[in-house]
Amino acid sequence: MMTADIPLADYTTQRSRFISMAETKGGLIHSYPHPLSGPKGELLYTDVALFGSETASRMMLVISGTHGVEGYYGSESQIAWLAQFEMNQLPADTALLFIHLLNPWGTAHLRRVNEDNIDLNRGFIDFSQTIPSNQDYLRWHDIYSGEREFADRQLASALSREGWPALKRVVEAGQYQYPTGLFYGGNQPSWSMQTMQAIIERHLSRARTIISFDLHTGAGAWAHPMLLSIAEQPFPAHAWGKRLYKESLTLLFTGAGRDSDTGVAATATGYLSQFLLNALPDTQILPLVVECGTYPAEEMHRRLRNDHWLHLKGNPATAEGQEIKRDLVEAFWPADEDWRALVALRTQQYFARGWRALLNETED
Ligand SMILES: [Zn+2]
């Protein structure tokens, strides 16, 4: 691939590339306008592209940009799948639904979180129930707020006293008490969560069988796209997923005290995958996550924390701010051509296998 072909991390460019490909392939596009704008005043949308019948009973769902800045990888994966897709080969009763950039504010502002500092993969909880309380986070919150030099000293002392794995386990579990903290899950449904609910009602509630992919980057080994099922407990479609993907699929169970060697937080609450399972109890749904590894976890934490600080206290438009943004984009969408080629290949394989299985799925 020529360097010139590598798209820049620019929301409007990325959106046009997706829309133009979706239109070329005959997709029906429905756009959800976001109330805020991008850093250059750009209009922001989550776009939904439907290929096939709105009432299809079998559906493949692909979601990009749950974590805004990771949406460049996600969008490219969606575009690549569409590039080889032919609408006239679409069987009756089967559809593709692509949700493009669920957190468009984060994609445009080059942030993992949304406009309210919410990590959407902590924010998909039922806010009418008791909100989880991460008591351990209270001890660490100073690392992410207040005066920077003090916070840096707190971090250094926490790392030397308890070590990185302990800090990671607690902080990445998410928290709902500190809106200015890291891995904040919110205290009410975010715009993206409400949009997701609207999309479920409009597009997904009639399907009987759904295989879905939520596309992420930033955890795991460099250039290795892990395929995960993330849920609080076993669910009916697990067996189908294991038959389909065999050793490629890792089942990750979340909850207090749980651990995982995948690099993805097992202690966390509020994952989109679990939300899909809860929202569609009568559907045979297999919610999968593709998580492409980039830099080591402690380095990711350093870059995320700098970006957190920048938006809390600094100015992204300054030279220092721009450097932090460049570091963050590189952390979630590495420029290395081999990285991009590898994750692209594996992601398309995951889609292809899921798609073939969906086509062969017979009703029980
Ligand atoms: Zn992510």
# chains A, B, ... in the order shown; residues from 1 in each chain; ligands from 1

$ residues_near_ligand --ligand "ligand 1" --cutoff "7 Å" --atoms "only C-alpha atoms and all ligand atoms" --output "list of chain:residue names"
A:Thr66, A:His67, A:Glu70, A:His216, A:Thr217, A:Gly218

$ write_last_selection --atoms "C-alpha atoms" --output "CSV table (one decimal), in the first residue's frame"
chain,number,residue,atom,x,y,z
A,66,THR,CA,-17.7,2.7,20.1
A,67,HIS,CA,-14.5,4.2,21.3
A,70,GLU,CA,-10.8,3.4,17.4
A,216,HIS,CA,-11.9,-2.0,18.8
A,217,THR,CA,-8.2,-1.4,19.0
A,218,GLY,CA,-5.7,-0.8,21.8

$ closest_atom_pairs --of "region 100-174 of chain A" --to "region 296-299 of chain A" --cutoff "12 Å" --atoms "only C-alpha atoms" --output "Markdown table"
| residue | atom | partner | partner_atom | distance |
| --- | --- | --- | --- | --- |
| A:Leu155 | CA | A:Glu298 | CA | 11.8 |
| A:Leu159 | CA | A:Glu298 | CA | 10.5 |
| A:Gly163 | CA | A:Glu298 | CA | 10.7 |
| A:Trp164 | CA | A:Glu298 | CA | 7.2 |
| A:Pro165 | CA | A:Glu298 | CA | 9.1 |
| A:Ala166 | CA | A:Glu298 | CA | 11.7 |
| A:Leu167 | CA | A:Glu298 | CA | 10.0 |
| A:Lys168 | CA | A:Glu298 | CA | 8.4 |
| A:Arg169 | CA | A:Ala297 | CA | 11.4 |
| A:Glu172 | CA | A:Ala297 | CA | 10.9 |

$ write_last_selection --atoms "all heavy atoms" --output "PDB file, in the first residue's frame"
ATOM      1  N   LEU A 155       0.919   8.728  40.916  1.00  0.00           N
ATOM      2  CA  LEU A 155       1.007   7.598  39.984  1.00  0.00           C
ATOM      3  C   LEU A 155       2.284   6.798  40.233  1.00  0.00           C
ATOM      4  O   LEU A 155       2.248   5.566  40.343  1.00  0.00           O
ATOM      5  CB  LEU A 155       0.964   8.097  38.534  1.00  0.00           C
ATOM      6  CG  LEU A 155       1.197   7.027  37.458  1.00  0.00           C
ATOM      7  CD1 LEU A 155       0.125   5.939  37.509  1.00  0.00           C
ATOM      8  CD2 LEU A 155       1.213   7.655  36.052  1.00  0.00           C
ATOM      9  N   LEU A 159       2.430   2.956  41.445  1.00  0.00           N
ATOM     10  CA  LEU A 159       3.065   1.912  40.640  1.00  0.00           C
ATOM     11  C   LEU A 159       4.147   1.185  41.424  1.00  0.00           C
ATOM     12  O   LEU A 159       4.272  -0.042  41.327  1.00  0.00           O
ATOM     13  CB  LEU A 159       3.653   2.512  39.354  1.00  0.00           C
ATOM     14  CG  LEU A 159       2.624   2.930  38.294  1.00  0.00           C
ATOM     15  CD1 LEU A 159       3.299   3.631  37.125  1.00  0.00           C
ATOM     16  CD2 LEU A 159       1.810   1.723  37.796  1.00  0.00           C
ATOM     17  N   GLY A 163       2.053  -1.807  41.938  1.00  0.00           N
ATOM     18  CA  GLY A 163       2.341  -2.378  40.618  1.00  0.00           C
ATOM     19  C   GLY A 163       1.265  -2.071  39.580  1.00  0.00           C
ATOM     20  O   GLY A 163       0.111  -1.801  39.915  1.00  0.00           O
ATOM     21  N   TRP A 164       1.666  -2.126  38.333  1.00  0.00           N
ATOM     22  CA  TRP A 164       0.780  -1.801  37.214  1.00  0.00           C
ATOM     23  C   TRP A 164      -0.440  -2.723  37.115  1.00  0.00           C
ATOM     24  O   TRP A 164      -1.567  -2.253  36.923  1.00  0.00           O
ATOM     25  CB  TRP A 164       1.589  -1.757  35.914  1.00  0.00           C
ATOM     26  CG  TRP A 164       0.741  -1.854  34.691  1.00  0.00           C
ATOM     27  CD1 TRP A 164       0.696  -2.872  33.798  1.00  0.00           C
ATOM     28  CD2 TRP A 164      -0.225  -0.892  34.250  1.00  0.00           C
ATOM     29  NE1 TRP A 164      -0.226  -2.617  32.824  1.00  0.00           N
ATOM     30  CE2 TRP A 164      -0.809  -1.412  33.071  1.00  0.00           C
ATOM     31  CE3 TRP A 164      -0.663   0.347  34.734  1.00  0.00           C
ATOM     32  CZ2 TRP A 164      -1.798  -0.737  32.376  1.00  0.00           C
ATOM     33  CZ3 TRP A 164      -1.650   1.026  34.035  1.00  0.00           C
ATOM     34  CH2 TRP A 164      -2.209   0.490  32.867  1.00  0.00           C
ATOM     35  N   PRO A 165      -0.280  -4.058  37.271  1.00  0.00           N
ATOM     36  CA  PRO A 165      -1.475  -4.912  37.110  1.00  0.00           C
ATOM     37  C   PRO A 165      -2.599  -4.549  38.086  1.00  0.00           C
ATOM     38  O   PRO A 165      -3.769  -4.572  37.710  1.00  0.00           O
ATOM     39  CB  PRO A 165      -0.935  -6.324  37.388  1.00  0.00           C
ATOM     40  CG  PRO A 165       0.519  -6.244  37.065  1.00  0.00           C
ATOM     41  CD  PRO A 165       0.945  -4.851  37.468  1.00  0.00           C
ATOM     42  N   ALA A 166      -2.235  -4.193  39.324  1.00  0.00           N
ATOM     43  CA  ALA A 166      -3.258  -3.840  40.326  1.00  0.00           C
ATOM     44  C   ALA A 166      -3.966  -2.546  39.917  1.00  0.00           C
ATOM     45  O   ALA A 166      -5.192  -2.435  39.975  1.00  0.00           O
ATOM     46  CB  ALA A 166      -2.616  -3.686  41.700  1.00  0.00           C
ATOM     47  N   LEU A 167      -3.169  -1.588  39.484  1.00  0.00           N
ATOM     48  CA  LEU A 167      -3.752  -0.303  39.053  1.00  0.00           C
ATOM     49  C   LEU A 167      -4.678  -0.516  37.855  1.00  0.00           C
ATOM     50  O   LEU A 167      -5.808  -0.024  37.819  1.00  0.00           O
ATOM     51  CB  LEU A 167      -2.613   0.669  38.691  1.00  0.00           C
ATOM     52  CG  LEU A 167      -3.044   2.049  38.191  1.00  0.00           C
ATOM     53  CD1 LEU A 167      -3.725   2.842  39.302  1.00  0.00           C
ATOM     54  CD2 LEU A 167      -1.847   2.845  37.668  1.00  0.00           C
ATOM     55  N   LYS A 168      -4.192  -1.277  36.902  1.00  0.00           N
ATOM     56  CA  LYS A 168      -4.975  -1.542  35.688  1.00  0.00           C
ATOM     57  C   LYS A 168      -6.318  -2.196  36.032  1.00  0.00           C
ATOM     58  O   LYS A 168      -7.365  -1.796  35.528  1.00  0.00           O
ATOM     59  CB  LYS A 168      -4.157  -2.446  34.758  1.00  0.00           C
ATOM     60  CG  LYS A 168      -4.887  -2.891  33.482  1.00  0.00           C
ATOM     61  CD  LYS A 168      -3.976  -3.766  32.621  1.00  0.00           C
ATOM     62  CE  LYS A 168      -4.731  -4.587  31.590  1.00  0.00           C
ATOM     63  NZ  LYS A 168      -5.372  -3.795  30.546  1.00  0.00           N
ATOM     64  N   ARG A 169      -6.263  -3.191  36.893  1.00  0.00           N
ATOM     65  CA  ARG A 169      -7.470  -3.935  37.246  1.00  0.00           C
ATOM     66  C   ARG A 169      -8.533  -3.014  37.846  1.00  0.00           C
ATOM     67  O   ARG A 169      -9.704  -3.102  37.523  1.00  0.00           O
ATOM     68  CB  ARG A 169      -7.115  -5.057  38.226  1.00  0.00           C
ATOM     69  CG  ARG A 169      -7.982  -6.272  38.090  1.00  0.00           C
ATOM     70  CD  ARG A 169      -7.422  -7.531  38.753  1.00  0.00           C
ATOM     71  NE  ARG A 169      -6.601  -7.305  39.909  1.00  0.00           N
ATOM     72  CZ  ARG A 169      -5.307  -7.633  39.965  1.00  0.00           C
ATOM     73  NH1 ARG A 169      -4.703  -8.154  38.916  1.00  0.00           N
ATOM     74  NH2 ARG A 169      -4.617  -7.423  41.064  1.00  0.00           N
ATOM     75  N   GLU A 172      -9.413   0.219  35.117  1.00  0.00           N
ATOM     76  CA  GLU A 172     -10.122  -0.175  33.901  1.00  0.00           C
ATOM     77  C   GLU A 172     -11.476  -0.821  34.181  1.00  0.00           C
ATOM     78  O   GLU A 172     -12.273  -1.032  33.266  1.00  0.00           O
ATOM     79  CB  GLU A 172      -9.234  -1.101  33.042  1.00  0.00           C
ATOM     80  CG  GLU A 172      -8.047  -0.353  32.480  1.00  0.00           C
ATOM     81  CD  GLU A 172      -7.293  -1.118  31.408  1.00  0.00           C
ATOM     82  OE1 GLU A 172      -7.693  -2.253  31.083  1.00  0.00           O
ATOM     83  OE2 GLU A 172      -6.303  -0.574  30.906  1.00  0.00           O
TER      84      GLU A 172
END

$ closest_atom_pairs --of "region 164-264 of chain A" --to "region 131-137 of chain A" --cutoff "10 Å" --atoms "only C-alpha atoms" --output "Markdown table"
| residue | atom | partner | partner_atom | distance |
| --- | --- | --- | --- | --- |
| A:Leu167 | CA | A:Tyr137 | CA | 8.9 |
| A:Arg169 | CA | A:Tyr137 | CA | 9.8 |
| A:Val170 | CA | A:Tyr137 | CA | 6.1 |
| A:Val171 | CA | A:Tyr137 | CA | 6.0 |
| A:Glu172 | CA | A:Tyr137 | CA | 9.3 |
| A:Ala173 | CA | A:Asn134 | CA | 7.5 |
| A:Gly174 | CA | A:Asn134 | CA | 7.2 |
| A:Gln175 | CA | A:Asn134 | CA | 5.5 |
| A:Tyr176 | CA | A:Ser133 | CA | 6.6 |
| A:Gln177 | CA | A:Ser133 | CA | 7.3 |
| A:Tyr178 | CA | A:Tyr137 | CA | 9.3 |
| A:Gly181 | CA | A:Tyr137 | CA | 9.3 |
| A:Leu182 | CA | A:Tyr137 | CA | 9.5 |
| A:Gly185 | CA | A:Pro132 | CA | 9.6 |
| A:Gly186 | CA | A:Ile131 | CA | 9.6 |
| A:Asn187 | CA | A:Ile131 | CA | 7.9 |
| A:Gln188 | CA | A:Ile131 | CA | 9.7 |
| A:Ala256 | CA | A:Asn134 | CA | 9.4 |

$ residues_around --residues "Gly146 (chain A)" --least-positions-apart "4" --cutoff "12 Å" --atoms "only C-alpha atoms" --output "list in words"
Trp140, His141, Asp142, Phe150, Ala151, Asp152, Arg153, Gln154, Thr180, Gly181, Trp309, Leu312 and Lys313 of chain A

$ select_by_dssp --residues "region 59-164 of chain A" --states "helix (DSSP H, G or I)" --output "MDAnalysis selection string"
chainID A and resid 68:84 87:89 104:108 120:123 135:138 141:144 148:162 164

$ write_last_selection --atoms "N, CA and C atoms" --output "compact mmCIF listing (two decimals), in the first residue's frame"
# COMPACT_ATOMS: atom_id res chain seq x y z
N GLY A 68 -14.45 6.30 20.22
CA GLY A 68 -14.28 7.22 19.09
C GLY A 68 -13.07 7.02 18.20
N VAL A 69 -11.89 7.20 18.74
CA VAL A 69 -10.67 7.20 17.93
C VAL A 69 -10.37 5.83 17.33
N GLU A 70 -10.95 4.77 17.92
CA GLU A 70 -10.76 3.43 17.36
C GLU A 70 -11.62 3.23 16.11
N GLY A 71 -12.46 4.22 15.84
CA GLY A 71 -13.37 4.14 14.70
C GLY A 71 -12.70 4.21 13.35
N TYR A 72 -11.45 4.66 13.29
CA TYR A 72 -10.76 4.69 11.98
C TYR A 72 -10.48 3.26 11.52
N TYR A 73 -10.01 2.44 12.45
CA TYR A 73 -9.85 1.02 12.13
C TYR A 73 -11.22 0.41 11.80
N GLY A 74 -12.21 0.71 12.64
CA GLY A 74 -13.53 0.10 12.45
C GLY A 74 -14.14 0.49 11.12
N SER A 75 -14.08 1.76 10.80
CA SER A 75 -14.64 2.24 9.54
C SER A 75 -13.93 1.62 8.34
N GLU A 76 -12.60 1.55 8.40
CA GLU A 76 -11.86 0.93 7.30
C GLU A 76 -12.26 -0.54 7.13
N SER A 77 -12.53 -1.21 8.23
CA SER A 77 -12.95 -2.62 8.15
C SER A 77 -14.32 -2.73 7.50
N GLN A 78 -15.19 -1.80 7.83
CA GLN A 78 -16.53 -1.81 7.22
C GLN A 78 -16.43 -1.52 5.72
N ILE A 79 -15.62 -0.53 5.37
CA ILE A 79 -15.45 -0.17 3.95
C ILE A 79 -14.86 -1.35 3.17
N ALA A 80 -13.86 -2.01 3.78
CA ALA A 80 -13.22 -3.14 3.08
C ALA A 80 -14.21 -4.27 2.85
N TRP A 81 -15.08 -4.53 3.80
CA TRP A 81 -16.08 -5.60 3.61
C TRP A 81 -17.04 -5.22 2.49
N LEU A 82 -17.46 -3.96 2.51
CA LEU A 82 -18.40 -3.51 1.47
C LEU A 82 -17.78 -3.56 0.09
N ALA A 83 -16.47 -3.31 0.02
CA ALA A 83 -15.81 -3.27 -1.28
C ALA A 83 -15.97 -4.58 -2.04
N GLN A 84 -16.03 -5.70 -1.31
CA GLN A 84 -16.16 -7.01 -1.98
C GLN A 84 -17.60 -7.52 -1.96
N MET A 87 -24.64 -6.68 -3.58
CA MET A 87 -26.03 -6.72 -3.12
C MET A 87 -26.83 -7.79 -3.85
N ASN A 88 -26.53 -7.98 -5.16
CA ASN A 88 -27.34 -8.94 -5.92
C ASN A 88 -27.07 -10.39 -5.53
N GLN A 89 -26.05 -10.60 -4.70
CA GLN A 89 -25.81 -11.96 -4.20
C GLN A 89 -26.37 -12.15 -2.79
N PRO A 104 -19.41 9.48 17.33
CA PRO A 104 -18.77 10.32 16.31
C PRO A 104 -18.00 11.50 16.91
N TRP A 105 -18.45 11.98 18.05
CA TRP A 105 -17.74 13.08 18.72
C TRP A 105 -16.31 12.63 19.05
N GLY A 106 -16.20 11.43 19.59
CA GLY A 106 -14.87 10.91 19.95
C GLY A 106 -14.00 10.68 18.72
N THR A 107 -14.62 10.20 17.64
CA THR A 107 -13.85 9.98 16.41
C THR A 107 -13.33 11.31 15.88
N ALA A 108 -14.19 12.33 15.87
CA ALA A 108 -13.80 13.63 15.32
C ALA A 108 -12.77 14.32 16.21
N LEU A 120 -17.82 4.54 26.48
CA LEU A 120 -19.09 3.89 26.15
C LEU A 120 -19.11 2.41 26.53
N ASN A 121 -17.94 1.79 26.56
CA ASN A 121 -17.93 0.39 26.96
C ASN A 121 -17.89 0.22 28.48
N ARG A 122 -18.22 1.27 29.19
CA ARG A 122 -18.54 1.21 30.61
C ARG A 122 -19.95 1.78 30.81
N GLY A 123 -20.41 2.49 29.78
CA GLY A 123 -21.63 3.27 29.92
C GLY A 123 -22.91 2.58 29.49
N GLN A 135 -15.38 1.13 44.56
CA GLN A 135 -14.80 1.76 45.75
C GLN A 135 -13.28 1.89 45.65
N ASP A 136 -12.65 0.92 45.01
CA ASP A 136 -11.18 0.96 44.93
C ASP A 136 -10.68 2.14 44.11
N TYR A 137 -11.50 2.59 43.16
CA TYR A 137 -11.05 3.68 42.30
C TYR A 137 -10.81 4.97 43.10
N LEU A 138 -11.60 5.15 44.17
CA LEU A 138 -11.49 6.37 44.96
C LEU A 138 -10.05 6.63 45.38
N HIS A 141 -8.10 8.08 42.24
CA HIS A 141 -8.62 9.18 41.42
C HIS A 141 -7.66 10.36 41.32
N ASP A 142 -6.88 10.60 42.38
CA ASP A 142 -5.90 11.71 42.37
C ASP A 142 -4.90 11.60 41.22
N ILE A 143 -4.74 10.40 40.72
CA ILE A 143 -3.79 10.20 39.61
C ILE A 143 -4.31 10.85 38.33
N TYR A 144 -5.63 11.10 38.30
CA TYR A 144 -6.25 11.60 37.06
C TYR A 144 -6.88 12.98 37.21
N ARG A 148 -1.04 18.55 38.22
CA ARG A 148 -0.38 17.48 37.46
C ARG A 148 0.85 16.89 38.15
N GLU A 149 1.69 17.75 38.71
CA GLU A 149 2.91 17.21 39.32
C GLU A 149 2.58 16.32 40.50
N PHE A 150 1.59 16.75 41.27
CA PHE A 150 1.14 15.94 42.41
C PHE A 150 0.58 14.61 41.89
N ALA A 151 -0.22 14.71 40.85
CA ALA A 151 -0.83 13.50 40.28
C ALA A 151 0.24 12.54 39.75
N ASP A 152 1.28 13.10 39.14
CA ASP A 152 2.36 12.26 38.62
C ASP A 152 3.08 11.53 39.76
N ARG A 153 3.25 12.26 40.86
CA ARG A 153 3.90 11.63 42.03
C ARG A 153 3.00 10.52 42.59
N GLN A 154 1.69 10.78 42.61
CA GLN A 154 0.74 9.76 43.08
C GLN A 154 0.83 8.50 42.22
N LEU A 155 0.92 8.73 40.92
CA LEU A 155 1.01 7.60 39.98
C LEU A 155 2.28 6.80 40.23
N ALA A 156 3.42 7.53 40.33
CA ALA A 156 4.70 6.84 40.53
C ALA A 156 4.67 6.04 41.82
N SER A 157 4.09 6.62 42.86
CA SER A 157 4.07 5.90 44.12
C SER A 157 3.11 4.71 44.07
N ALA A 158 1.98 4.87 43.40
CA ALA A 158 1.04 3.74 43.27
C ALA A 158 1.69 2.59 42.51
N LEU A 159 2.43 2.96 41.44
CA LEU A 159 3.06 1.91 40.64
C LEU A 159 4.15 1.19 41.42
N SER A 160 4.92 1.94 42.21
CA SER A 160 6.00 1.26 42.93
C SER A 160 5.44 0.47 44.12
N ARG A 161 4.35 0.96 44.69
CA ARG A 161 3.77 0.31 45.86
C ARG A 161 2.96 -0.94 45.47
N GLU A 162 2.08 -0.79 44.45
CA GLU A 162 1.15 -1.89 44.16
C GLU A 162 1.33 -2.51 42.78
N TRP A 164 1.67 -2.13 38.33
CA TRP A 164 0.78 -1.80 37.21
C TRP A 164 -0.44 -2.72 37.11

$ closest_residue --among "A:Met21, A:Leu359, A:Leu204, A:Leu228" --to "Pro287 (chain A)" --atoms "only C-alpha atoms"
A:Leu228

$ closest_residue --among "A:Pro281, A:Gly314, A:Pro33, A:Gly38" --to "Phe235 (chain A)" --atoms "only C-alpha atoms"
A:Pro281

$ closest_residue --among "A:Asp126, A:Ala92, A:Pro225, A:Arg111" --to "Leu310 (chain A)" --atoms "only C-alpha atoms"
A:Arg111
